[in-house]
Protein chains: 4
Amino acid sequence: MTERNIQVAELDRRAVEDQEVEIVERKGIGHPDSICDGIAEHVSKAIAQAYLDRVGKVLHYNTDETQLVAGTAYQEWAETGQPGAEKGGEVIEPIYILVVGRATKEYQGTNIPVDSIALKAAREYLGEHFPALDLETDVIIDVKLGEGSGDLQTVFGEEGTQIPMANDTSFGVGHAPLTETEQIVYNAERELNTTFHESHPALGQDVKIMGKREGDEIDITVAAAMVDQHLSGIEEYAETVEAVREFVTDLAQTYTDRKVTVEVNTADDLENESYYLTHTGTSAEQGDDGSVGRGNRANGLITPNRPMSMEATSGKNPVNHIGKIYNLLSTDIAETVVSEVDGIRDLQVRLLSQIGRPIDEPHVADAQVITEEGVAVSDVEAEIREVVDEKLANVTDVTRQVIEGDISTF
Amino acid sequence: MTERNIQVAELDRRAVEDQEVEIVERKGIGHPDSICDGIAEHVSKAIAQAYLDRVGKVLHYNTDETQLVAGTAYQEWAETGQPGAEKGGEVIEPIYILVVGRATKEYQGTNIPVDSIALKAAREYLGEHFPALDLETDVIIDVKLGEGSGDLQTVFGEEGTQIPMANDTSFGVGHAPLTETEQIVYNAERELNTTFHESHPALGQDVKIMGKREGDEIDITVAAAMVDQHLSGIEEYAETVEAVREFVTDLAQTYTDRKVTVEVNTADDLENESYYLTHTGTSAEQGDDGSVGRGNRANGLITPNRPMSMEATSGKNPVNHIGKIYNLLSTDIAETVVSEVDGIRDLQVRLLSQIGRPIDEPHVADAQVITEEGVAVSDVEAEIREVVDEKLANVTDVTRQVIEGDISTF
Amino acid sequence: MTERNIQVAELDRRAVEDQEVEIVERKGIGHPDSICDGIAEHVSKAIAQAYLDRVGKVLHYNTDETQLVAGTAYQEWAETGQPGAEKGGEVIEPIYILVVGRATKEYQGTNIPVDSIALKAAREYLGEHFPALDLETDVIIDVKLGEGSGDLQTVFGEEGTQIPMANDTSFGVGHAPLTETEQIVYNAERELNTTFHESHPALGQDVKIMGKREGDEIDITVAAAMVDQHLSGIEEYAETVEAVREFVTDLAQTYTDRKVTVEVNTADDLENESYYLTHTGTSAEQGDDGSVGRGNRANGLITPNRPMSMEATSGKNPVNHIGKIYNLLSTDIAETVVSEVDGIRDLQVRLLSQIGRPIDEPHVADAQVITEEGVAVSDVEAEIREVVDEKLANVTDVTRQVIEGDISTF
Amino acid sequence: MTERNIQVAELDRRAVEDQEVEIVERKGIGHPDSICDGIAEHVSKAIAQAYLDRVGKVLHYNTDETQLVAGTAYQEWAETGQPGAEKGGEVIEPIYILVVGRATKEYQGTNIPVDSIALKAAREYLGEHFPALDLETDVIIDVKLGEGSGDLQTVFGEEGTQIPMANDTSFGVGHAPLTETEQIVYNAERELNTTFHESHPALGQDVKIMGKREGDEIDITVAAAMVDQHLSGIEEYAETVEAVREFVTDLAQTYTDRKVTVEVNTADDLENESYYLTHTGTSAEQGDDGSVGRGNRANGLITPNRPMSMEATSGKNPVNHIGKIYNLLSTDIAETVVSEVDGIRDLQVRLLSQIGRPIDEPHVADAQVITEEGVAVSDVEAEIREVVDEKLANVTDVTRQVIEGDISTF
């Protein structure tokens with residue numbers, strides 16, 4: 001039986017929750033960088049699934065390099081518009097999206113039309129998530145998928161799945177539990193883009209949330225792109241902005257007892273007709289480019305108070321890309337430990353790969369913990385070790401969940 | 001009143017119908033060059049219409065430069081297919097289409113989103129004419145429309161349309177009546193792609209027809225792309241090829257009493273499984289690139305026995321592009337003369353522009369005629385002159401018909 | 001021995017020289033369409049040569065689809081310029097050139113880097129012919145070469161060259177001798193772009209010449225792009241325009257005794273500072289797109305008074321593309337006949353291929369002739385037949401000359 | 001006088017040098033991500049300089065989105081090669097690089113040809129840094145620069161430079177001093193790509209260095225792309241690999257007394273002819289895509305043991321992009337403090353912007369320090385505060401240094 005190198009130790013800093021200043025950010029799904037993350041990951045899933053369907057195993061690929069070039073647009077309120085045009089604004093120059101990557105195109109006589117699959121998946125993703133974006137006029141999707149190094153071939157099949165070997169020295173890091181500020185930032189975006197959006201279609205998908213905590217004061221700054229065609233004018237715009245503010249304020253209070261201040265679209269100057277208005281719900285329509293791996297980390301947040309991996313997780317092959325797997329797995333481990341083991345105030349899990357060794361046997365799996373008052377590290381060490389060990393033993397679950405779309409990567 | 005320079009004279013050659021050897025070709029709407037012509041012209045119409053809707057006049061533009069880069073595909077009969085894929089073949093690498101041109105993007109504060117309009121029009125055109133082409137997987141459409149020379153501005157408005165000035169020395173030529181071979185070639189493609197296709201969806205749009213007449217023997221060679229997903233196998237393929245042959249043979253006999261031989265897909269070698277099979281109905285899916293202006297002339301035919309203009313008509317601005325207007329108008333004049341004036345065996349109309357003069361006053365309008373036996377040129381000269389004069393007086397009708405889609409350009 | 005089907009007959013029209021109205025055009029090498037022709041043909045030669053060097057025979061390819069998207073530029077006289085910029089104007093948005101085609105990339109284990117070869121050849125061609133175009137700033141060259149239909153393979157090798165089979169029904173046509181107007185138009189462009197340019201670098205490569213003859217009056221209209229950085233101001237511009245006029249007038253008189261009028265840059269309006277000025281010597285810098293096969297025919301001219309082939313000759317594979325070969329060969333035959341056989345006033349040679357037959361055995365080779373007064377067709381028939389027969393026997397010479405760059409295609 | 005909010009406090013963790021496990025990485029300048037960083041930053045400098053030269057101030061732009069699509073290549077030793085090709089391998093499909101961004105193209109009647117400048121700068125950068133890359137065959141550079149939001153205009157001029165306002169809530173973080181491992185990793189790459197490369201041109205630019213320290217054992221793993229045309233065969237390859245190992249080992253010992261193990265190209269399997277060989281010196285030639293902001297942070301390292309900013313620094317406008325400025329400035333502050341103030345073992349400087357305030361007045365400037373034994377924070381607080389204050393007062397020095405190329409961003 002495999003003896004894994006699992007270290008459990010005390011974390012040599014204060015819990016983030018207890019630090020004086022904390023900064024947290026989340027780029028919503030409509031941010032140009034997140035659009036690229038989303039497309040890259042959706043394309044990845046479609047290609048992985050096609051490999052499984054067609055040749056029974058996932059072949060070598062990576063699609064983690066989508067580039068978005070912003071378009072040009074103008075905005076008009078719902079009841080106005082330029083002569084001869086439909087009401088509301090328009091995209092004048094389409095957003096250009098280049099899907100880039102490597103993928104095996106043929107395997108033992110079977111074609112896998114990865115370019116066509118990528119094209120369809122990218123359009124599908126945009127269609128599902130961007131109701132105000134017209135795929136016939138507003139976006140050009142181009143695809144450049146090369147073949148990659150010929151001799152690489154990953155094996156993740158239905159029968160007898162083997163544990164792949166790590167082919168790179170890489171590093172994943174996960175944390176739990178989320179601080180109050182992190183929870184607010186994360187959930188505010190998630191709820192705005194689901195619950196709130198359903199009742200307020202004027203809210204676009206490009207919602208960026210910045211949380212700053214100094215001591216016990218939390219400032220939440222929301223930049224929320226509004227959609228022209230759902231707003232009758234500046235008054236309704238202002239109402240929607242205020243509705244966002246109230247919604248986030250209420251939401252925040254379910255996560256904290258600290259004092260929370262929420263500001264929305266702070267750069268607005270309504271008297272001078274300066275507001276954050278879009279036609280499509282994303283700033284990609286006008287002036288904001290994007291690419292993969294520049295935004296949220298694998299846990300959906302940007303947390304400069306915590307160690308982060310630079311690895312772009314979205315679009316990477318979930319079978320053998322050790323950076324992707326270890327970032328997702330370390331996050332999963334941290335969350336599982338915290339939910340199953342009592343007395344933990346802050347936990348950081350790091351997984352470091354070793355080239356040439358099976359990925360369930362990292363060079364080191366290192367869990368650093370800050371315990372609640374009255375709890376010693378030794379009290380929880382065995383339990384933590386057990387969770388880490390079990391999760392590593394089932395490392396291929398991560399692959400499966402990614403392919404089935406059960407884990408988000410950004 | 002304008003005194004136009006109209007010359008009527010005897011044509012100094014035999015009627016094409018009476019020449020010993022005659023060659024005629026038509027590239028069907030699914031030929032890669034014709035796809036480009038079709039997109040260029042459809043984009044042109046959409047932009048012209050948008051200008052009329054938004055600023056009340058057609059501004060400067062030309063969209064006559066679409067480039068198609070062939071994709072890659074494989075083919076499978078309707079009931080077979082690669083494992084995990086849908087039945088029938090697939091496009092593996094999408095066809096890439098680059099729509100190129102110049103168009104005014106802003107006029108007195110009004111935006112005209114020409115790039116978005118072009119994108120939509122191109123997709124629309126493909127959607128309408130290519131039922132077996134899946135726009136979500138099989139084609140990437142890119143658009144590069146520049147602004148053109150800033151000071152050009154065409155004026156073709158609803159009120160008080162002025163006659164534009166010719167801004168180039170150009171030349172248009174038209175002929176009538178079509179010879180028997182020309183009629184067969186033209187109508188065979190038109191009928192195959194409409195009537196026949198309705199009952200035989202296995203016939204793709206990429207139908208190329210070559211007619212050769214030597215004396216009184218007419219050979220019609222049809223290259224007809226078949227669509228895999230509508231054919232159960234080689235037998236049904238062969239039946240469809242035979243049905244095409246019979247259809248064209250029957251059709252030919254309504255235009256001639258000469259001996260007609262029809263051959264279809266002559267390069268086939270069924271025993272060696274070599275046949276003209278496609279997945280999408282066009283050879284653009286595999287290996288055949290295309291561009292505008294390389295195929296049919298404005299009358300829908302390639303006729304080396306007759307003078308032809310090199311001008312690419314499709315996609316050109318119908319308000320002020322003198323080459324487009326004069327090619328369409330000279331064809332219209334020739335056809336009208338022949339339908340209204342008796343005794344004409346062959347007529348060739350040429351219009352030559354003069355820079356800086358109104359386009360209804362060509363440098364010379366020259367009608368060359370071969371009369372039927374017993375008819376002198378002088379018998380028909382006055383009538384011909386009258387038609388030419390009236391058509392020139394109403395030159396802007398051509399513009400209007402093009403914008404409304406009542407004239408085909410290829 | 002091969003018995004070829006060669007027909008010699010009287011041409012059933014007047015010699016073009018004797019027709020009342022004649023129109024001739026030549027697009028100079030700097031016209032956007034000609035730039036594309038030139039690149040396509042230069043790329044073709046480089047690829048053919050690479051095949052010969054690397055695998056000893058020419059493999060399947062066609063590179064006849066270059067697309068040029070115009071750039072944006074401004075112009076300034078040599079001594080002026082915008083602040084901070086070098087003297088003279090600038091290209092603001094580079095010209096975009098997409099080289100498109102099909103080429104075999106691997107043969108029996110040997111790589112042929114056709115994309116890299118095409119890129120280099122395209123840059124090389126521009127570098128050689130466009131001294132005022134800065135390859136580091138003024139042009140973006142992109143390449144999309146696909147693999148074509150896999151089973152096609154042409155065989156044109158060093159040892160034992162076989163005559164290829166015609167794989168298409170195609171048609172070539174050639175004429176000789178050139179009329180006076182044709183000679184003037186052709187040679188005016190050639191001499192302006194060589195002799196004249198050497199002493200007048202202010203003349204750009206984008207020279208378009210239109211010749212029109214009515215009876216015995218020949219009008220030559222020259223549109224000549226001037227290069228800003230070689231001109232001190234409007235006065236020197238006007239002098240250069242006048243020098244072009246005089247040069248062409250003198251040149252014309254060596255070809256004809258008819259009355260010749262030459263006009264240069266007729267659209268100029270110097271008082272209103274409207275002139276034909278460029279920074280790079282081609283209108284591709286600003287507003288004029290281009291593509292292959294839209295300009296000059298294989299003999300370097302556009303001649304609506306004569307039958308023309310629509311075939312784009314430039315960039316086609318010279319080994320087996322029957323359209324290219326027959327257009328070049330029929331021109332060569334016509335010129336050879338006229339130089340070797342006395343008494344010919346106008347000759348038209350047509351070659352029609354027959355699918356599946358060796359290309360030296362056309363379905364029909366048809367020479368139509370107008371003899372000088374006092375000469376009967378029967379007097380020259382045998383000699384003509386002999387030239388045609390011999391040229392057909394040596395059809396592969398055309399291939400060799402194209403690859404070695406000894407024949408121009410546009 | 002400005003009263004800045006500067007906080008000095010004790011850092012609540014152990015110095016990184018004292019932590020049990022430390023991981024450090026540097027992607028060399030030839031790594032595909034670094035190529036993109038380098039191009040983006042070089043383009044940025046060229047555009048900023050052009051603005052200064054032409055309109056006397058830096059206008060709005062950002063060029064931080066270069067995307068690299070890997071090419072295809074094969075490799076051969078210096079004395080071998082494929083038949084007909086030059087010795088050494090070849091790039092078969094060029095690397096494709098898309099330079100993306102926003103830039104103002106016209107200002108008060110003056111054109112700034114940003115697209116042409118970007119194209120030239122990108123080629124220049126590659127030419128300067130990649131001697132084995134042939135710009136005529138191996139790379140296609142495309143440019144898509146949009147205009148950005150029209151109303152933004154930055155003002156950084158020669159006279160009377162104003163401090164810009166922060167237009168975003170952003171965050172920069174810097175550290176000093178570097179740990180031993182960090183120094184080794186950073187300098188190993190720098191020295192390999194300069195000193196070592198001069199005497200060993202076989203070493204390519206794509207050098208990736210991973211440092212891992214556990215307690216007092218430092219493992220340095222070098223992945224170094226070798227260049228085929230400078231190596232006679234596997235023996236010389238092996239010698240060069242060994243030379244790299246010795247060079248890095250020697251270098252490491254100048255930075256540490258700890259035990260250092262260096263491994264180079266660990267994935268090699270020479271017996272099976274598996275080695276890390278390239279033709280151009282970068283894995284971008286075959287299978288490795290790249291983009292901006294995915295690699296090294298502003299201090300040239302990836303340091304998961306330290307807080308990092310996700311901000312892509314390269315290519316950002318150095319006048320007003322607060323993320324770029326604060327990341328560079330905080331690093332500069334940390335280094336300056338450590339060089340001027342004695343007794344500091346580890347220092348972390350964070351700058352947090354406040355929208356709408358001048359950038360020299362951050363919301364908070366927070367210096368967290370670990371002092372040497374025997375030194376109290378209070379002993380160094382005043383000195384630290386002074387440095388921070390002065391650096392903030394001279395914040396525009398960063399801008400100037402970036403434009404002049406005196407600071408590296410990756």
# chains A, B, ... in the order shown; residues from 1 in each chain; ligands from 1
>>> residues_around(residues="Asn167 of chain A", least_positions_apart="4", cutoff="9 Å", atoms="only C-alpha atoms", output="ChimeraX atom specification")
/A:320-322,353-357 /D:267
>>> select_by_dssp(residues="segment 319-403 of chain A", states="strand (DSSP E or B)", output="list in words")
Ile344, Arg345, Asp346, Leu347, Gln348, Val349, Arg350, Leu351, Leu352, Pro358, Val364, Ala365, Asp366, Ala367, Gln368, Val369, Ile370 and Thr371 of chain A
>>> write_last_selection(atoms="N, CA and C atoms", output="compact mmCIF listing (two decimals), in the first residue's frame")
# COMPACT_ATOMS: atom_id res chain seq x y z
N ILE A 344 -11.14 23.92 13.54
CA ILE A 344 -10.16 24.53 12.64
C ILE A 344 -10.59 25.94 12.28
N ARG A 345 -9.67 26.87 12.47
CA ARG A 345 -9.99 28.27 12.17
C ARG A 345 -9.45 28.65 10.77
N ASP A 346 -8.37 28.09 10.37
CA ASP A 346 -7.82 28.40 9.04
C ASP A 346 -6.96 27.23 8.62
N LEU A 347 -7.12 26.81 7.36
CA LEU A 347 -6.37 25.65 6.89
C LEU A 347 -5.87 25.94 5.48
N GLN A 348 -4.61 25.60 5.30
CA GLN A 348 -4.00 25.78 3.98
C GLN A 348 -3.39 24.44 3.57
N VAL A 349 -3.80 23.95 2.40
CA VAL A 349 -3.30 22.66 1.93
C VAL A 349 -2.48 22.89 0.67
N ARG A 350 -1.26 22.36 0.69
CA ARG A 350 -0.42 22.48 -0.50
C ARG A 350 -0.03 21.09 -1.00
N LEU A 351 -0.10 20.91 -2.31
CA LEU A 351 0.33 19.65 -2.92
C LEU A 351 1.43 19.98 -3.93
N LEU A 352 2.55 19.29 -3.76
CA LEU A 352 3.68 19.51 -4.66
C LEU A 352 3.97 18.22 -5.41
N PRO A 358 3.45 8.71 -9.65
CA PRO A 358 1.99 8.77 -9.82
C PRO A 358 1.44 10.00 -9.10
N VAL A 364 5.15 16.09 -1.65
CA VAL A 364 4.67 16.37 -0.30
C VAL A 364 3.25 16.91 -0.36
N ALA A 365 2.43 16.45 0.60
CA ALA A 365 1.11 17.03 0.81
C ALA A 365 1.18 17.67 2.19
N ASP A 366 1.00 18.95 2.21
CA ASP A 366 1.35 19.70 3.42
C ASP A 366 0.13 20.49 3.88
N ALA A 367 -0.41 20.12 5.03
CA ALA A 367 -1.60 20.77 5.58
C ALA A 367 -1.18 21.63 6.76
N GLN A 368 -1.36 22.94 6.62
CA GLN A 368 -1.00 23.84 7.70
C GLN A 368 -2.28 24.40 8.30
N VAL A 369 -2.32 24.38 9.61
CA VAL A 369 -3.60 24.62 10.24
C VAL A 369 -3.48 25.63 11.39
N ILE A 370 -4.50 26.42 11.53
CA ILE A 370 -4.65 27.23 12.75
C ILE A 370 -5.90 26.71 13.43
N THR A 371 -5.73 26.30 14.62
CA THR A 371 -6.86 25.70 15.34
C THR A 371 -7.62 26.76 16.13
>>> interface_residues(of="chain D", to="chain C", cutoff="7 Å", atoms="only C-alpha atoms", output="list in words")
Asp53, Arg54, Gln82, Pro83, Gly84, Ala85, Val91, Ile92, Glu93, Pro94, Thr110, Pro113, Val114, Asp115, Ser116, Ile117, Leu119, Lys120, Glu136, Thr137, Asp138, Ile140, Ile141 and Asp142 of chain D
>>> closest_residue(among="C:Val292, C:Ala46, C:Ala132, C:Val173", to="Ser309 of chain C", atoms="only C-alpha atoms")
C:Val173
>>> residues_around(residues="Ile23 of chain B", least_positions_apart="5", cutoff="9 Å", atoms="only C-alpha atoms", output="VMD selection string")
(chain B and resid 181 to 182 210 to 214 302 to 305) or (chain C and resid 171)
>>> residues_around(residues="Met310 of chain B", least_positions_apart="6", cutoff="8 Å", atoms="only C-alpha atoms", output="count of residues only")
5
>>> select_by_dssp(residues="segment 157-239 of chain B", states="helix (DSSP H, G or I)", output="count of residues only")
29
>>> residues_around(residues="segment 227-229 of chain A", least_positions_apart="4", cutoff="8 Å", atoms="only C-alpha atoms", output="PyMOL selection string")
chain A and resi 75-79+87-89+132+201-204+277-281
>>> write_last_selection(atoms="N, CA and C atoms", output="compact mmCIF listing (two decimals), in the first residue's frame")
# COMPACT_ATOMS: atom_id res chain seq x y z
N GLN A 75 -24.59 52.46 -26.71
CA GLN A 75 -25.70 52.09 -25.84
C GLN A 75 -26.83 53.09 -25.97
N GLU A 76 -28.03 52.59 -25.89
CA GLU A 76 -29.23 53.44 -25.91
C GLU A 76 -30.26 52.84 -24.97
N TRP A 77 -31.03 53.67 -24.34
CA TRP A 77 -32.08 53.15 -23.46
C TRP A 77 -33.10 52.35 -24.27
N ALA A 78 -33.88 51.58 -23.56
CA ALA A 78 -34.78 50.62 -24.21
C ALA A 78 -35.75 51.25 -25.18
N GLU A 79 -36.18 52.47 -24.90
CA GLU A 79 -37.21 53.07 -25.74
C GLU A 79 -36.63 53.97 -26.82
N LYS A 87 -34.48 49.22 -31.15
CA LYS A 87 -34.35 49.95 -29.89
C LYS A 87 -33.16 49.40 -29.10
N GLY A 88 -32.61 50.28 -28.29
CA GLY A 88 -31.41 49.88 -27.54
C GLY A 88 -30.19 50.06 -28.42
N GLY A 89 -29.05 49.87 -27.83
CA GLY A 89 -27.81 50.10 -28.57
C GLY A 89 -27.47 48.95 -29.50
N ALA A 132 -28.06 38.71 -23.52
CA ALA A 132 -28.13 39.96 -24.30
C ALA A 132 -27.12 40.01 -25.43
N PRO A 201 -33.40 41.59 -15.24
CA PRO A 201 -32.59 41.30 -16.43
C PRO A 201 -31.69 42.47 -16.85
N ALA A 202 -31.93 43.63 -16.26
CA ALA A 202 -31.08 44.78 -16.60
C ALA A 202 -29.66 44.62 -16.06
N LEU A 203 -29.48 43.71 -15.13
CA LEU A 203 -28.13 43.48 -14.62
C LEU A 203 -27.37 42.57 -15.59
N GLY A 204 -26.27 43.06 -16.11
CA GLY A 204 -25.45 42.25 -17.00
C GLY A 204 -24.60 41.26 -16.24
N LEU A 277 -23.06 51.51 -18.51
CA LEU A 277 -24.11 50.93 -19.33
C LEU A 277 -23.48 50.15 -20.48
N THR A 278 -24.04 48.98 -20.75
CA THR A 278 -23.58 48.18 -21.88
C THR A 278 -24.80 47.75 -22.68
N HIS A 279 -24.54 47.25 -23.87
CA HIS A 279 -25.64 46.69 -24.66
C HIS A 279 -25.75 45.18 -24.45
N THR A 280 -24.64 44.57 -24.14
CA THR A 280 -24.61 43.10 -24.10
C THR A 280 -24.43 42.54 -22.69
N GLY A 281 -24.16 43.39 -21.74
CA GLY A 281 -23.95 42.90 -20.39
C GLY A 281 -22.49 42.65 -20.04
>>> closest_residue(among="A:Gly81, A:Gly300, A:Gly233, A:Gly174", to="Ser34 of chain A", atoms="only C-alpha atoms")
A:Gly300
>>> atom_distance(atom1="atom CA of Thr313 of chain C", atom2="atom CA of Ala298 of chain B")
21.0 Å
>>> residues_around(residues="Val100 of chain C", least_positions_apart="5", cutoff="10 Å", atoms="only C-alpha atoms", output="number ranges by chain")
B: 67-70, 289-290; C: 40, 62-67, 115, 118, 142-146, 315
>>> atom_distance(atom1="atom CA of Ala103 of chain B", atom2="atom CA of Thr282 of chain C")
19.9 Å
>>> residues_around(residues="segment 375-385 of chain B", least_positions_apart="4", cutoff="8 Å", atoms="only C-alpha atoms", output="count of residues only")
14
>>> atom_distance(atom1="atom CA of Asp397 of chain C", atom2="atom CA of Leu329 of chain C")
9.2 Å
